[in-house]
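What follows is the content of final_9.tsv, which has TSV, C-alpha atoms and all ligand atoms:
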```
chain	number	residue	atom	x	y	z
A	105	MET	CA	5.45	-5.60	-9.78
A	106	PRO	CA	7.68	-7.07	-7.05
A	107	GLY	CA	11.34	-6.23	-6.50
A	108	PHE	CA	12.03	-9.86	-5.58
A	109	GLU	CA	12.07	-10.60	-9.30
A	110	LEU	CA	15.43	-8.80	-9.45
A	111	PHE	CA	17.22	-10.42	-6.48
A	112	GLY	CA	20.91	-10.88	-7.22
A	113	ALA	CA	24.47	-10.33	-6.06
A	114	GLU	CA	23.62	-6.98	-4.42
A	115	GLU	CA	21.20	-8.52	-1.90
A	116	ARG	CA	23.72	-11.29	-1.14
A	117	GLN	CA	26.50	-8.77	-0.55
A	118	HIS	CA	24.50	-6.70	1.95
A	119	ILE	CA	23.39	-9.87	3.76
A	120	ASN	CA	26.99	-11.03	3.90
A	121	ASP	CA	28.08	-7.72	5.43
A	122	VAL	CA	25.70	-8.41	8.32
A	123	MET	CA	26.71	-12.06	8.66
A	124	GLU	CA	30.38	-11.06	8.85
A	125	THR	CA	29.63	-9.56	12.27
A	126	GLY	CA	26.64	-11.72	13.21
A	127	ILE	CA	24.82	-8.72	14.74
A	128	LEU	CA	21.24	-8.99	13.51
A	129	MET	CA	19.80	-6.35	15.83
A	130	ARG	CA	19.70	-2.75	14.70
A	131	TYR	CA	20.50	-1.26	18.12
A	132	GLY	CA	23.40	-1.79	20.51
A	133	PHE	CA	26.39	-4.17	20.23
A	134	ASP	CA	28.51	-1.21	19.20
A	135	GLY	CA	31.85	-3.01	19.45
A	136	PRO	CA	31.17	-6.26	17.61
A	137	ARG	CA	29.04	-4.70	14.89
A	138	LYS	CA	32.11	-2.97	13.45
A	139	GLY	CA	30.25	0.05	12.19
A	140	ILE	CA	27.62	-1.96	10.24
A	141	PHE	CA	24.21	-0.27	10.70
A	142	LYS	CA	22.03	-1.44	7.80
A	143	ALA	CA	18.74	-0.13	9.23
A	144	ASN	CA	20.21	3.32	9.88
A	145	GLU	CA	21.71	3.35	6.43
A	146	LEU	CA	18.40	2.38	4.82
A	147	GLU	CA	16.51	5.08	6.74
A	148	GLN	CA	19.03	7.66	5.53
A	149	LYS	CA	18.64	6.42	1.95
A	150	ILE	CA	14.84	6.59	2.18
A	151	THR	CA	14.96	10.25	3.24
A	152	GLU	CA	17.24	11.00	0.25
A	153	VAL	CA	15.43	8.97	-2.40
A	154	PHE	CA	11.88	10.03	-1.44
A	155	GLY	CA	12.67	13.52	-0.19
A	156	CYS	CA	11.31	13.45	3.36
A	157	GLY	CA	12.73	14.79	6.62
A	158	TYR	CA	12.65	11.53	8.56
A	159	ALA	CA	12.15	7.80	8.06
A	160	GLN	CA	11.46	5.15	10.71
A	161	LEU	CA	11.76	1.53	9.63
A	162	THR	CA	9.37	-1.03	11.12
A	163	SER	CA	8.84	-4.79	11.02
A	164	SER	CA	6.00	-4.50	8.48
A	165	GLY	CA	3.75	-2.06	6.65
A	166	THR	CA	0.97	-2.89	9.12
A	167	ALA	CA	3.32	-1.99	11.98
A	168	ALA	CA	4.22	1.22	10.13
A	169	LEU	CA	0.55	2.25	9.95
A	170	THR	CA	0.00	1.36	13.61
A	171	THR	CA	3.13	3.28	14.62
A	172	ALA	CA	2.14	6.31	12.56
A	173	MET	CA	-1.30	6.40	14.13
A	174	ALA	CA	0.14	6.16	17.63
A	175	ALA	CA	2.67	8.91	16.87
A	176	LEU	CA	-0.12	11.07	15.45
A	177	ASN	CA	-2.00	10.58	18.71
A	178	ILE	CA	-4.90	8.72	17.09
A	179	GLY	CA	-6.59	6.42	19.59
A	180	VAL	CA	-9.74	5.33	21.38
A	181	GLY	CA	-12.93	6.72	19.87
A	182	ASP	CA	-11.22	8.60	17.03
A	183	GLU	CA	-12.65	8.05	13.57
A	184	VAL	CA	-10.35	7.40	10.63
A	185	ILE	CA	-11.86	7.81	7.17
A	186	MET	CA	-10.51	5.26	4.69
A	187	PRO	CA	-11.55	3.76	1.35
A	188	SER	CA	-13.69	0.66	0.75
A	189	PHE	CA	-10.95	-0.68	-1.54
A	190	THR	CA	-7.70	-1.28	0.35
A	191	PHE	CA	-5.78	-4.11	1.96
A	192	VAL	CA	-7.04	-5.50	5.29
A	193	ALA	CA	-3.93	-4.08	7.03
A	194	SER	CA	-5.35	-0.56	6.81
A	195	PHE	CA	-8.34	-1.27	9.05
A	196	GLU	CA	-6.36	-3.69	11.23
A	197	ALA	CA	-4.03	-0.84	12.17
A	198	VAL	CA	-6.94	1.51	12.92
A	199	LEU	CA	-8.64	-1.07	15.15
A	200	SER	CA	-5.39	-1.94	16.93
A	201	VAL	CA	-5.01	1.59	18.29
A	202	GLY	CA	-8.62	1.62	19.51
A	203	ALA	CA	-9.84	3.89	16.73
A	204	ILE	CA	-12.82	3.43	14.43
A	205	PRO	CA	-12.42	2.70	10.72
A	206	VAL	CA	-14.99	4.68	8.72
A	207	LEU	CA	-15.10	3.20	5.24
A	208	VAL	CA	-16.32	5.33	2.37
A	209	ASP	CA	-16.73	5.05	-1.38
A	210	ILE	CA	-14.00	5.28	-3.97
A	211	ASP	CA	-14.08	6.85	-7.42
A	212	GLU	CA	-12.33	5.84	-10.64
A	213	THR	CA	-8.96	6.82	-9.13
A	214	LEU	CA	-9.58	3.54	-7.22
A	215	THR	CA	-9.17	5.37	-3.95
A	216	LEU	CA	-10.94	7.94	-1.76
A	217	HIS	CA	-13.74	9.91	-3.37
A	218	PRO	CA	-13.28	13.44	-1.92
A	219	GLU	CA	-17.05	14.01	-1.77
A	220	ALA	CA	-17.54	10.76	0.13
A	221	VAL	CA	-14.87	11.86	2.61
A	222	LYS	CA	-16.64	15.19	3.18
A	223	ALA	CA	-19.95	13.46	3.78
A	224	ALA	CA	-18.42	11.15	6.40
A	225	ILE	CA	-16.88	13.81	8.63
A	226	THR	CA	-18.27	13.92	12.17
A	227	PRO	CA	-17.06	15.63	15.34
A	228	LYS	CA	-15.10	12.42	16.09
A	229	THR	CA	-13.16	12.38	12.81
A	230	ARG	CA	-9.41	12.75	13.43
A	231	CYS	CA	-7.75	11.43	10.33
A	232	VAL	CA	-8.21	10.86	6.61
A	233	MET	CA	-6.26	7.91	5.29
A	234	PRO	CA	-6.09	7.67	1.50
A	235	VAL	CA	-4.72	4.33	0.34
A	236	HIS	CA	-2.79	4.73	-2.90
A	237	MET	CA	-3.80	1.35	-4.29
A	238	CYS	CA	-2.01	-0.44	-7.12
A	239	GLY	CA	0.65	2.19	-7.74
A	240	SER	CA	-1.47	5.31	-8.19
A	241	MET	CA	-2.98	7.93	-5.94
A	242	ALA	CA	-5.95	9.78	-4.56
A	243	ASP	CA	-6.69	13.38	-5.49
A	244	LEU	CA	-4.36	14.66	-2.78
A	245	ASP	CA	-4.98	18.38	-3.29
A	246	ALA	CA	-8.70	17.83	-2.74
A	247	LEU	CA	-8.09	15.68	0.35
A	248	LYS	CA	-5.54	18.15	1.75
A	249	ALA	CA	-8.02	20.98	1.38
A	250	ILE	CA	-10.65	18.96	3.27
A	251	CYS	CA	-8.15	18.11	6.02
A	252	ASP	CA	-7.02	21.74	6.35
A	253	GLU	CA	-10.59	22.99	6.51
A	254	HIS	CA	-11.61	20.52	9.22
A	255	ASP	CA	-8.26	20.37	11.04
A	256	LEU	CA	-7.75	16.66	10.30
A	257	ILE	CA	-4.63	14.54	9.97
A	258	LEU	CA	-3.70	13.27	6.51
A	259	LEU	CA	-2.02	9.87	6.75
A	260	GLU	CA	-1.07	8.27	3.43
A	261	ASP	CA	-1.08	4.50	3.15
A	262	ALA	CA	1.38	4.43	0.25
A	263	CYS	CA	2.32	0.78	0.86
A	264	GLN	CA	1.49	-0.18	-2.75
A	265	SER	CA	2.78	2.91	-4.50
A	266	ILE	CA	6.50	3.16	-3.79
A	267	GLY	CA	8.00	5.46	-6.42
A	268	GLY	CA	4.73	7.08	-7.54
A	269	THR	CA	4.62	10.88	-7.34
A	270	TYR	CA	2.07	13.69	-7.06
A	271	LYS	CA	2.98	17.19	-8.27
A	272	GLY	CA	6.66	16.28	-8.04
A	273	LYS	CA	6.56	14.83	-4.52
A	274	ALA	CA	6.90	11.17	-3.61
A	275	LEU	CA	3.68	9.49	-2.50
A	276	GLY	CA	3.90	8.90	1.23
A	277	THR	CA	5.69	12.20	1.90
A	278	ILE	CA	2.77	14.56	1.31
A	279	GLY	CA	0.55	14.06	4.38
A	280	HIS	CA	1.48	14.52	8.05
A	281	ALA	CA	2.93	11.02	7.73
A	282	GLY	CA	2.98	8.26	5.13
A	283	THR	CA	3.89	4.58	5.05
A	284	PHE	CA	5.44	2.06	2.70
A	285	SER	CA	5.39	-1.71	3.05
A	286	PHE	CA	8.45	-3.72	2.09
A	287	ASP	CA	6.71	-7.08	2.33
A	288	PHE	CA	7.61	-9.77	-0.17
A	289	VAL	CA	5.33	-8.67	-3.01
A	290	LYS	CA	5.84	-4.92	-2.87
A	291	THR	CA	7.72	-2.74	-5.37
A	292	ILE	CA	10.87	-2.99	-3.29
A	293	THR	CA	11.08	-5.59	-0.56
A	294	CYS	CA	12.96	-6.42	2.64
A	295	GLY	CA	11.21	-9.82	2.86
A	296	GLU	CA	9.15	-8.18	5.62
A	297	GLY	CA	9.37	-4.56	6.64
A	298	GLY	CA	7.87	-1.12	6.40
A	299	VAL	CA	8.60	2.54	7.01
A	300	VAL	CA	6.93	5.65	8.37
A	301	MET	CA	7.97	8.85	6.60
A	302	THR	CA	7.33	12.33	7.95
A	303	ASN	CA	8.74	15.84	7.89
A	304	SER	CA	8.00	16.37	11.58
A	305	LYS	CA	10.82	15.72	14.05
A	306	ASP	CA	8.27	15.27	16.84
A	307	ILE	CA	6.29	12.60	14.95
A	308	PHE	CA	9.53	10.87	13.97
A	309	GLU	CA	10.86	10.74	17.54
A	310	LYS	CA	7.60	9.21	18.69
A	311	CYS	CA	7.85	6.56	15.94
A	312	ASP	CA	11.46	5.89	16.91
A	313	GLY	CA	10.50	5.16	20.51
A	314	TYR	CA	7.19	3.42	19.82
A	315	THR	CA	8.80	0.78	17.59
A	316	ASP	CA	11.37	-0.09	20.29
A	317	HIS	CA	9.49	-0.47	23.62
A	318	GLY	CA	9.49	3.28	24.19
A	319	HIS	CA	13.30	3.61	24.34
A	320	ASP	CA	14.37	7.22	23.90
A	321	HIS	CA	17.70	6.09	22.36
A	322	LYS	CA	19.48	8.84	24.27
A	323	GLY	CA	21.33	6.78	26.88
A	324	VAL	CA	25.04	5.93	26.70
A	325	ASP	CA	23.82	2.37	26.10
A	326	ARG	CA	20.43	0.59	25.86
A	327	GLY	CA	20.37	0.00	29.61
A	328	ALA	CA	20.60	3.74	30.24
A	329	ASP	CA	17.77	4.71	27.85
A	330	LEU	CA	14.69	6.28	29.40
A	331	HIS	CA	11.13	5.35	28.45
A	332	PRO	CA	9.09	8.52	28.07
A	333	PHE	CA	6.08	6.44	26.94
A	334	ILE	CA	4.99	2.84	26.44
A	335	GLY	CA	5.93	1.28	23.13
A	336	TYR	CA	6.08	-2.11	21.42
A	337	ASN	CA	8.59	-4.11	19.44
A	338	PHE	CA	8.02	-3.25	15.79
A	339	ARG	CA	11.75	-3.28	14.97
A	340	ILE	CA	13.16	-4.34	11.64
A	341	SER	CA	16.15	-6.70	11.73
A	342	GLU	CA	19.50	-5.94	10.16
A	343	LEU	CA	19.06	-8.83	7.71
A	344	HIS	CA	15.79	-7.39	6.40
A	345	ALA	CA	17.23	-3.89	6.21
A	346	ALA	CA	20.21	-5.31	4.29
A	347	ILE	CA	17.90	-6.66	1.59
A	348	GLY	CA	16.12	-3.32	1.49
A	349	LEU	CA	19.39	-1.46	0.91
A	350	ALA	CA	20.09	-3.57	-2.14
A	351	GLN	CA	16.53	-3.13	-3.37
A	352	ILE	CA	16.37	0.64	-2.97
A	353	GLY	CA	19.43	0.81	-5.21
A	354	LYS	CA	17.33	-0.88	-7.91
A	355	LEU	CA	14.26	1.33	-7.56
A	356	ASP	CA	14.92	3.47	-10.64
A	357	GLN	CA	15.51	0.35	-12.70
A	358	ILE	CA	12.34	-1.30	-11.35
A	359	LEU	CA	10.23	1.78	-12.12
A	360	ALA	CA	11.66	2.09	-15.63
A	361	ILE	CA	10.92	-1.55	-16.46
A	362	GLN	CA	7.42	-1.34	-14.97
A	363	LYS	CA	6.62	1.75	-17.02
A	364	LYS	CA	7.87	0.24	-20.27
A	365	ASN	CA	6.09	-3.08	-19.74
A	366	ASN	CA	2.90	-1.41	-18.53
A	367	GLN	CA	2.69	0.91	-21.54
A	368	LEU	CA	3.32	-1.85	-24.04
A	369	LEU	CA	0.60	-4.03	-22.54
A	370	ARG	CA	-1.74	-1.03	-22.37
A	371	SER	CA	-1.28	-0.37	-26.10
A	372	TYR	CA	-3.09	-3.67	-26.74
A	373	LEU	CA	-6.01	-2.96	-24.43
A	374	GLU	CA	-6.32	0.56	-25.82
A	375	GLN	CA	-7.37	-0.98	-29.12
A	376	ILE	CA	-10.65	-2.07	-27.52
A	377	PRO	CA	-13.08	0.89	-27.53
A	378	ASP	CA	-15.06	-0.52	-24.57
A	379	ILE	CA	-12.03	-0.47	-22.27
A	380	THR	CA	-11.29	2.55	-20.08
A	381	PHE	CA	-8.46	2.99	-17.64
A	382	ARG	CA	-8.04	4.00	-14.04
A	383	VAL	CA	-8.05	7.78	-13.57
A	384	VAL	CA	-4.75	9.26	-12.41
A	385	PRO	CA	-5.32	12.67	-10.78
A	386	GLU	CA	-3.80	15.66	-12.57
A	387	GLY	CA	-0.15	16.04	-11.62
A	388	GLY	CA	0.16	12.41	-10.56
A	389	VAL	CA	2.59	9.80	-11.87
A	390	ASP	CA	1.71	6.12	-11.41
A	391	ASN	CA	4.49	3.72	-10.34
A	392	PHE	CA	3.15	1.40	-13.08
A	393	ALA	CA	3.12	-1.74	-10.89
A	394	PHE	CA	-0.37	-2.55	-12.22
A	395	LEU	CA	-2.44	-1.76	-15.27
A	396	SER	CA	-5.97	-1.16	-13.94
A	397	TRP	CA	-8.77	-1.14	-16.50
A	398	PHE	CA	-12.57	-1.18	-16.72
A	399	LEU	CA	-15.26	-2.65	-18.94
A	400	PRO	CA	-18.66	-0.92	-19.18
A	401	THR	CA	-20.59	-3.48	-17.10
A	402	GLU	CA	-20.05	-6.23	-14.53
A	403	ASP	CA	-21.58	-8.76	-16.95
A	404	LEU	CA	-19.05	-7.91	-19.64
A	405	MET	CA	-16.20	-8.09	-17.13
A	406	ARG	CA	-17.36	-11.49	-15.92
A	407	ALA	CA	-17.64	-12.69	-19.53
A	408	ALA	CA	-14.10	-11.45	-20.24
A	409	ILE	CA	-12.80	-13.20	-17.10
A	410	ALA	CA	-14.53	-16.45	-18.12
A	411	GLU	CA	-12.97	-16.25	-21.58
A	412	MET	CA	-9.47	-15.48	-20.25
A	413	LYS	CA	-9.85	-18.37	-17.79
A	414	ALA	CA	-10.94	-20.73	-20.58
A	415	GLN	CA	-7.87	-19.73	-22.57
A	416	GLY	CA	-5.53	-20.16	-19.57
A	417	ILE	CA	-4.44	-16.51	-19.54
A	418	LEU	CA	-6.17	-15.27	-16.40
A	419	ALA	CA	-3.12	-15.48	-14.10
A	420	GLY	CA	-1.91	-12.09	-12.90
A	421	ASN	CA	-5.27	-10.42	-13.53
A	422	PHE	CA	-6.75	-9.38	-10.18
A	423	TYR	CA	-10.53	-9.06	-9.99
A	424	TRP	CA	-10.61	-7.44	-6.56
A	425	TYR	CA	-14.43	-7.44	-6.43
A	426	ASP	CA	-14.46	-11.20	-5.81
A	427	ASN	CA	-11.37	-11.43	-3.64
A	428	ASN	CA	-11.60	-11.33	0.14
A	429	TRP	CA	-8.43	-9.39	0.96
A	430	HIS	CA	-8.88	-6.06	-0.73
A	431	TYR	CA	-12.52	-5.07	-1.00
A	432	ILE	CA	-15.20	-4.59	1.63
A	433	ARG	CA	-17.73	-6.88	-0.04
A	434	LYS	CA	-16.18	-10.09	1.30
A	435	TRP	CA	-14.73	-8.94	4.63
A	436	GLN	CA	-17.01	-11.18	6.70
A	437	HIS	CA	-14.69	-11.00	9.73
A	438	LEU	CA	-14.91	-7.21	9.69
A	439	HIS	CA	-18.68	-7.11	9.19
A	440	ASN	CA	-19.16	-9.53	12.06
A	441	ALA	CA	-16.50	-7.87	14.26
A	442	THR	CA	-14.93	-11.29	14.75
A	443	THR	CA	-11.88	-10.68	16.92
A	444	LEU	CA	-9.97	-12.86	19.39
A	445	ASN	CA	-10.18	-10.32	22.15
A	446	ASN	CA	-12.46	-7.52	23.15
A	447	ILE	CA	-12.88	-4.44	21.06
A	448	SER	CA	-14.78	-1.41	22.27
A	449	ASP	CA	-18.53	-1.08	21.96
A	450	ALA	CA	-18.02	1.94	19.72
A	451	GLN	CA	-15.81	-0.14	17.41
A	452	LYS	CA	-18.34	-2.99	17.39
A	453	ALA	CA	-21.20	-0.65	16.60
A	454	ALA	CA	-19.27	0.94	13.74
A	455	LEU	CA	-18.40	-2.44	12.24
A	456	HIS	CA	-21.99	-3.57	12.61
A	457	ASP	CA	-23.10	-0.52	10.61
A	458	LEU	CA	-20.77	-1.50	7.76
A	459	LYS	CA	-23.00	-4.49	7.05
A	460	THR	CA	-25.86	-2.32	5.92
A	461	GLN	CA	-23.89	0.65	4.59
A	462	ASP	CA	-24.54	1.42	0.93
A	463	PHE	CA	-21.42	0.81	-1.14
A	464	SER	CA	-23.19	0.78	-4.50
A	465	VAL	CA	-20.92	3.52	-5.87
A	466	SER	CA	-17.83	1.44	-5.05
A	467	ASP	CA	-19.51	-1.76	-6.28
A	468	ALA	CA	-20.25	-0.13	-9.63
A	469	ILE	CA	-16.54	0.62	-10.04
A	470	MET	CA	-14.93	-2.49	-8.57
A	471	SER	CA	-17.27	-4.93	-10.33
A	472	ARG	CA	-15.99	-3.62	-13.69
A	473	CYS	CA	-12.30	-3.41	-12.78
A	474	ILE	CA	-9.30	-5.64	-13.26
A	475	SER	CA	-5.75	-4.81	-12.22
A	476	THR	CA	-3.16	-6.63	-14.30
A	477	ALA	CA	0.11	-7.09	-12.39
A	478	ILE	CA	3.16	-6.00	-14.36
A	479	SER	CA	6.12	-8.36	-14.17
A	480	LEU	CA	9.73	-7.14	-14.28
A	481	THR	CA	10.89	-10.30	-16.02
A	482	TRP	CA	8.63	-10.28	-19.08
A	483	THR	CA	10.45	-10.10	-22.40
A	484	GLU	CA	9.09	-7.75	-25.03
A	485	GLU	CA	7.99	-10.78	-27.02
A	486	GLN	CA	6.07	-12.14	-24.03
A	487	ILE	CA	4.26	-8.82	-23.58
A	488	HIS	CA	3.26	-8.71	-27.26
A	489	ASP	CA	1.97	-12.26	-26.91
A	490	LYS	CA	0.15	-11.55	-23.64
A	491	GLY	CA	-1.36	-8.30	-24.93
A	492	ALA	CA	-2.58	-9.87	-28.15
A	493	LYS	CA	-4.11	-12.86	-26.34
A	494	MET	CA	-5.80	-10.74	-23.67
A	495	ALA	CA	-7.20	-8.33	-26.27
A	496	ALA	CA	-8.51	-11.18	-28.41
A	497	ALA	CA	-10.19	-12.89	-25.46
A	498	ILE	CA	-11.82	-9.67	-24.26
A	499	LYS	CA	-13.03	-8.80	-27.78
A	500	LYS	CA	-14.47	-12.30	-28.17
A	501	ALA	CA	-16.33	-12.01	-24.85
A	502	ILE	CA	-17.74	-8.61	-25.82
A	503	ALA	CA	-18.82	-9.85	-29.26
A	504	GLU	CA	-20.56	-12.93	-27.82
A	505	ALA	CA	-22.30	-10.84	-25.17
A	506	SER	CA	-23.68	-8.49	-27.81
A	507	VAL	CA	-25.04	-11.46	-29.80
A	508	VAL	CA	-26.83	-12.76	-26.69
A	509	ALA	CA	-28.23	-9.29	-25.99
B	1	LIG	C1	0.86	-4.53	1.88
B	1	LIG	C2	-0.02	-3.46	2.38
B	1	LIG	C3	-0.04	-3.05	3.72
B	1	LIG	C4	0.66	-3.74	4.84
B	1	LIG	O1	1.88	-4.16	4.62
B	1	LIG	P1	2.54	-5.46	5.31
B	1	LIG	O2	3.99	-5.11	5.18
B	1	LIG	O3	2.16	-6.65	4.49
B	1	LIG	O4	2.10	-5.52	6.71
B	1	LIG	C5	-0.85	-1.98	4.08
B	1	LIG	N1	-1.62	-1.37	3.18
B	1	LIG	C6	-1.65	-1.74	1.90
B	1	LIG	C7	-2.50	-0.99	0.94
B	1	LIG	C8	-0.86	-2.81	1.46
B	1	LIG	O5	-0.95	-3.21	0.19
```

Could you spell out this file's structure in C-alpha cells?
Ligand SMILES: *Cc1c(COP(=O)(O)O)cnc(C)c1O
Amino acid sequence: MPGFELFGAEERQHINDVMETGILMRYGFDGPRKGIFKANELEQKITEVFGCGYAQLTSSGTAALTTAMAALNIGVGDEVIMPSFTFVASFEAVLSVGAIPVLVDIDETLTLHPEAVKAAITPKTRCVMPVHMCGSMADLDALKAICDEHDLILLEDACQSIGGTYKGKALGTIGHAGTFSFDFVKTITCGEGGVVMTNSKDIFEKCDGYTDHGHDHKGVDRGADLHPFIGYNFRISELHAAIGLAQIGKLDQILAIQKKNNQLLRSYLEQIPDITFRVVPEGGVDNFAFLSWFLPTEDLMRAAIAEMKAQGILAGNFYWYDNNWHYIRKWQHLHNATTLNNISDAQKAALHDLKTQDFSVSDAIMSRCISTAISLTWTEEQIHDKGAKMAAAIKKAIAEASVVA
C-alpha cells in the first residue's frame, strides 16, 4: 500500500536540493531560492501524470477537500451526499465549510450506491461526493448522470485511490474537482500533503488563493498581492513537496508491484468458493492497494477473524465494520455532534438524524468485508506463505461453523 515502503536516495536528493538553499516556503524568496520550486514542479508533474488541467497542492488531503468545497462555492446550509463508508476527513471537511454531510448507503463497490444517492436528493443538495475507498471507485457514469440531471457538483474524494482509473481517466480528474491525500500511509506520500485537481481555471484560481490567505499571486512580490477573498493557510512546504516529487516518480513501479502482489494473494482466496470480491464498476481499474473480499455472513467473517487472530496472521486485515475511523457505526462524536465550537442548528439536526437513520444495507456489506492491505515489500515467497495460511484459516473457520450449524 504505502509509498513510504520505497523511500530511498531519490527522496534524499530532492530534500537536499531544498536544504541547499534553506527556503522551505513555496512562495517568495526569489533570489535565495535559486530557482528551486518543488511545489510548483510537483503540481506540474501531477497535471501530466494524471491528465488534468490544474493541480493545487495543500497541507493535507483534508485541507484539499475543504479547499475544493470552498472553491466550488459549497457552504452554509448546502447538503453534500457522501457514503457511510469513508474516512472521517470527508465529513470533517463538509462540516468545516458550514455544509451538511448527508450519509447514504454503499453497495458492493464499497462506495456510493447510485440509487441511495437519488433517494437522498433534496432542494438543498449541492454536491455528490463519492469516496473511492481502498483503491477502487464508484460507478462514476451513474453518478455523473444523476449530477447532470439535478445540476449537482461531483467532487471525488480520491484520497485512497491514487493511480486507479475509470474508462481511461485517472480517478480524481473526472468530477468538477477531485482530491488526493499524500499523508504518510497513502499510495504516494509527502509525509503530509494533498492536492485538488480540476480542469476549470476558475476553480483552480480559487484554490490557489484559498490555500494562501486569499493571495492572488499576481503582485510583483507577496507584499503587492491583492486579496480578492478571505482564505486560510493550507500551504504545503517545500520539504513535503520534495518528497512527493521523488514519490511520483515511483508511481508506476508502486502500481505494478501492488497489482502483482494483490493478484497473487487473491489467487489463494479465490480457491474458497464462499469468498467473493469487491465489485469494480465496468471500465474501472483498481490501484490494487487493498484486496477487499466478502464472506456470506457476518458470523462467518467473525469466525474467520477469530481463527486468523488465533494463528497470529490477522495483521494487515482491516475489518472496517468494527473500526471507529472509517465506518458510520462507531462515529459516536459525529452522532452526538460533539464539537469544540458551535456548529449550526441545521448541522446539529442533520447529525442527530444520523443516529436513527437505517444503514442496514451498508451494515450487511461492511459486516462481511475485510480489506487486506497489500505491501510493496513482500517477497513472492512471503505472499505464497501468507495466502496459504489465510486460506487455510478461513476454510477451517467455515468448516467449524458448518459443523456447529
Ligand atoms: C486519508 C484520507 C483523507 C484525508 O487525508 P489527510 O491527508 O490524512 O488529511 C480523506 N479522505 C479519505 C478517504 C482518506 O483516506

Any residue with an atom at most 8 Å from ligand LIG 1 (chain B) counts, using all atoms listed in the file. Which are they? Put them as a PDB file with C-alpha atoms, keeping the file's coordinate frame.
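After the write, pocket-v2.pdb holds the following:
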```pdb
ATOM      1  CA  SER A 163       8.840  -4.790  11.020  1.00  0.00           C
ATOM      2  CA  SER A 164       6.000  -4.500   8.480  1.00  0.00           C
ATOM      3  CA  GLY A 165       3.750  -2.060   6.650  1.00  0.00           C
ATOM      4  CA  THR A 166       0.970  -2.890   9.120  1.00  0.00           C
ATOM      5  CA  ALA A 167       3.320  -1.990  11.980  1.00  0.00           C
ATOM      6  CA  ALA A 168       4.220   1.220  10.130  1.00  0.00           C
ATOM      7  CA  LEU A 169       0.550   2.250   9.950  1.00  0.00           C
ATOM      8  CA  THR A 190      -7.700  -1.280   0.350  1.00  0.00           C
ATOM      9  CA  PHE A 191      -5.780  -4.110   1.960  1.00  0.00           C
ATOM     10  CA  VAL A 192      -7.040  -5.500   5.290  1.00  0.00           C
ATOM     11  CA  ALA A 193      -3.930  -4.080   7.030  1.00  0.00           C
ATOM     12  CA  SER A 194      -5.350  -0.560   6.810  1.00  0.00           C
ATOM     13  CA  VAL A 235      -4.720   4.330   0.340  1.00  0.00           C
ATOM     14  CA  HIS A 236      -2.790   4.730  -2.900  1.00  0.00           C
ATOM     15  CA  MET A 237      -3.800   1.350  -4.290  1.00  0.00           C
ATOM     16  CA  CYS A 238      -2.010  -0.440  -7.120  1.00  0.00           C
ATOM     17  CA  ASP A 261      -1.080   4.500   3.150  1.00  0.00           C
ATOM     18  CA  ALA A 262       1.380   4.430   0.250  1.00  0.00           C
ATOM     19  CA  CYS A 263       2.320   0.780   0.860  1.00  0.00           C
ATOM     20  CA  GLN A 264       1.490  -0.180  -2.750  1.00  0.00           C
ATOM     21  CA  PHE A 284       5.440   2.060   2.700  1.00  0.00           C
ATOM     22  CA  SER A 285       5.390  -1.710   3.050  1.00  0.00           C
ATOM     23  CA  PHE A 286       8.450  -3.720   2.090  1.00  0.00           C
ATOM     24  CA  ASP A 287       6.710  -7.080   2.330  1.00  0.00           C
ATOM     25  CA  PHE A 288       7.610  -9.770  -0.170  1.00  0.00           C
ATOM     26  CA  VAL A 289       5.330  -8.670  -3.010  1.00  0.00           C
ATOM     27  CA  LYS A 290       5.840  -4.920  -2.870  1.00  0.00           C
ATOM     28  CA  GLU A 296       9.150  -8.180   5.620  1.00  0.00           C
ATOM     29  CA  GLY A 297       9.370  -4.560   6.640  1.00  0.00           C
ATOM     30  CA  GLY A 298       7.870  -1.120   6.400  1.00  0.00           C
TER      31      GLY A 298
END
```

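The spacing separating atom CA of A:Asp312 from atom CA of A:Gly202 amounts to 20.7 Å.
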
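Minimum distance to A:Glu484 across A:Leu199, A:Asn366, A:Gln375, A:His437 (counting only C-alpha atoms) occurs at A:Asn366.
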
Per residue of stretch 313-404 of chain A within 10 Å of stretch 129-134 of chain A, which atom pair is closest and at what distance in Å (one decimal), using all atoms listed in the file, listed by chain and increasing number, as a Markdown table?
```
| residue | atom | partner | partner_atom | distance |
| --- | --- | --- | --- | --- |
| A:Asp316 | CA | A:Tyr131 | CA | 9.5 |
| A:His321 | CA | A:Tyr131 | CA | 8.9 |
| A:Asp325 | CA | A:Gly132 | CA | 7.0 |
| A:Arg326 | CA | A:Gly132 | CA | 6.6 |
| A:Gly327 | CA | A:Gly132 | CA | 9.8 |
| A:Arg339 | CA | A:Arg130 | CA | 8.0 |
| A:Ile340 | CA | A:Arg130 | CA | 7.4 |
| A:Ser341 | CA | A:Met129 | CA | 5.5 |
| A:Glu342 | CA | A:Arg130 | CA | 5.6 |
| A:Leu343 | CA | A:Met129 | CA | 8.5 |
| A:Ala345 | CA | A:Arg130 | CA | 8.9 |
```

Excluding A:Ser475 and its own-chain neighbours fewer than 3 positions away, which residues fall within 10 Å of it when counting all atoms listed in the file? Please give them as an MDAnalysis selection string.
chainID A and resid 238 381:382 393:398 420:424 478

Could you give me, as an NGL selection string, the residues within 7 Å of A:Ile210, counting all atoms listed in the file and dropping anything in the same chain fewer than 4 positions from it?
:A and (187-188 or 214-217 or 466)
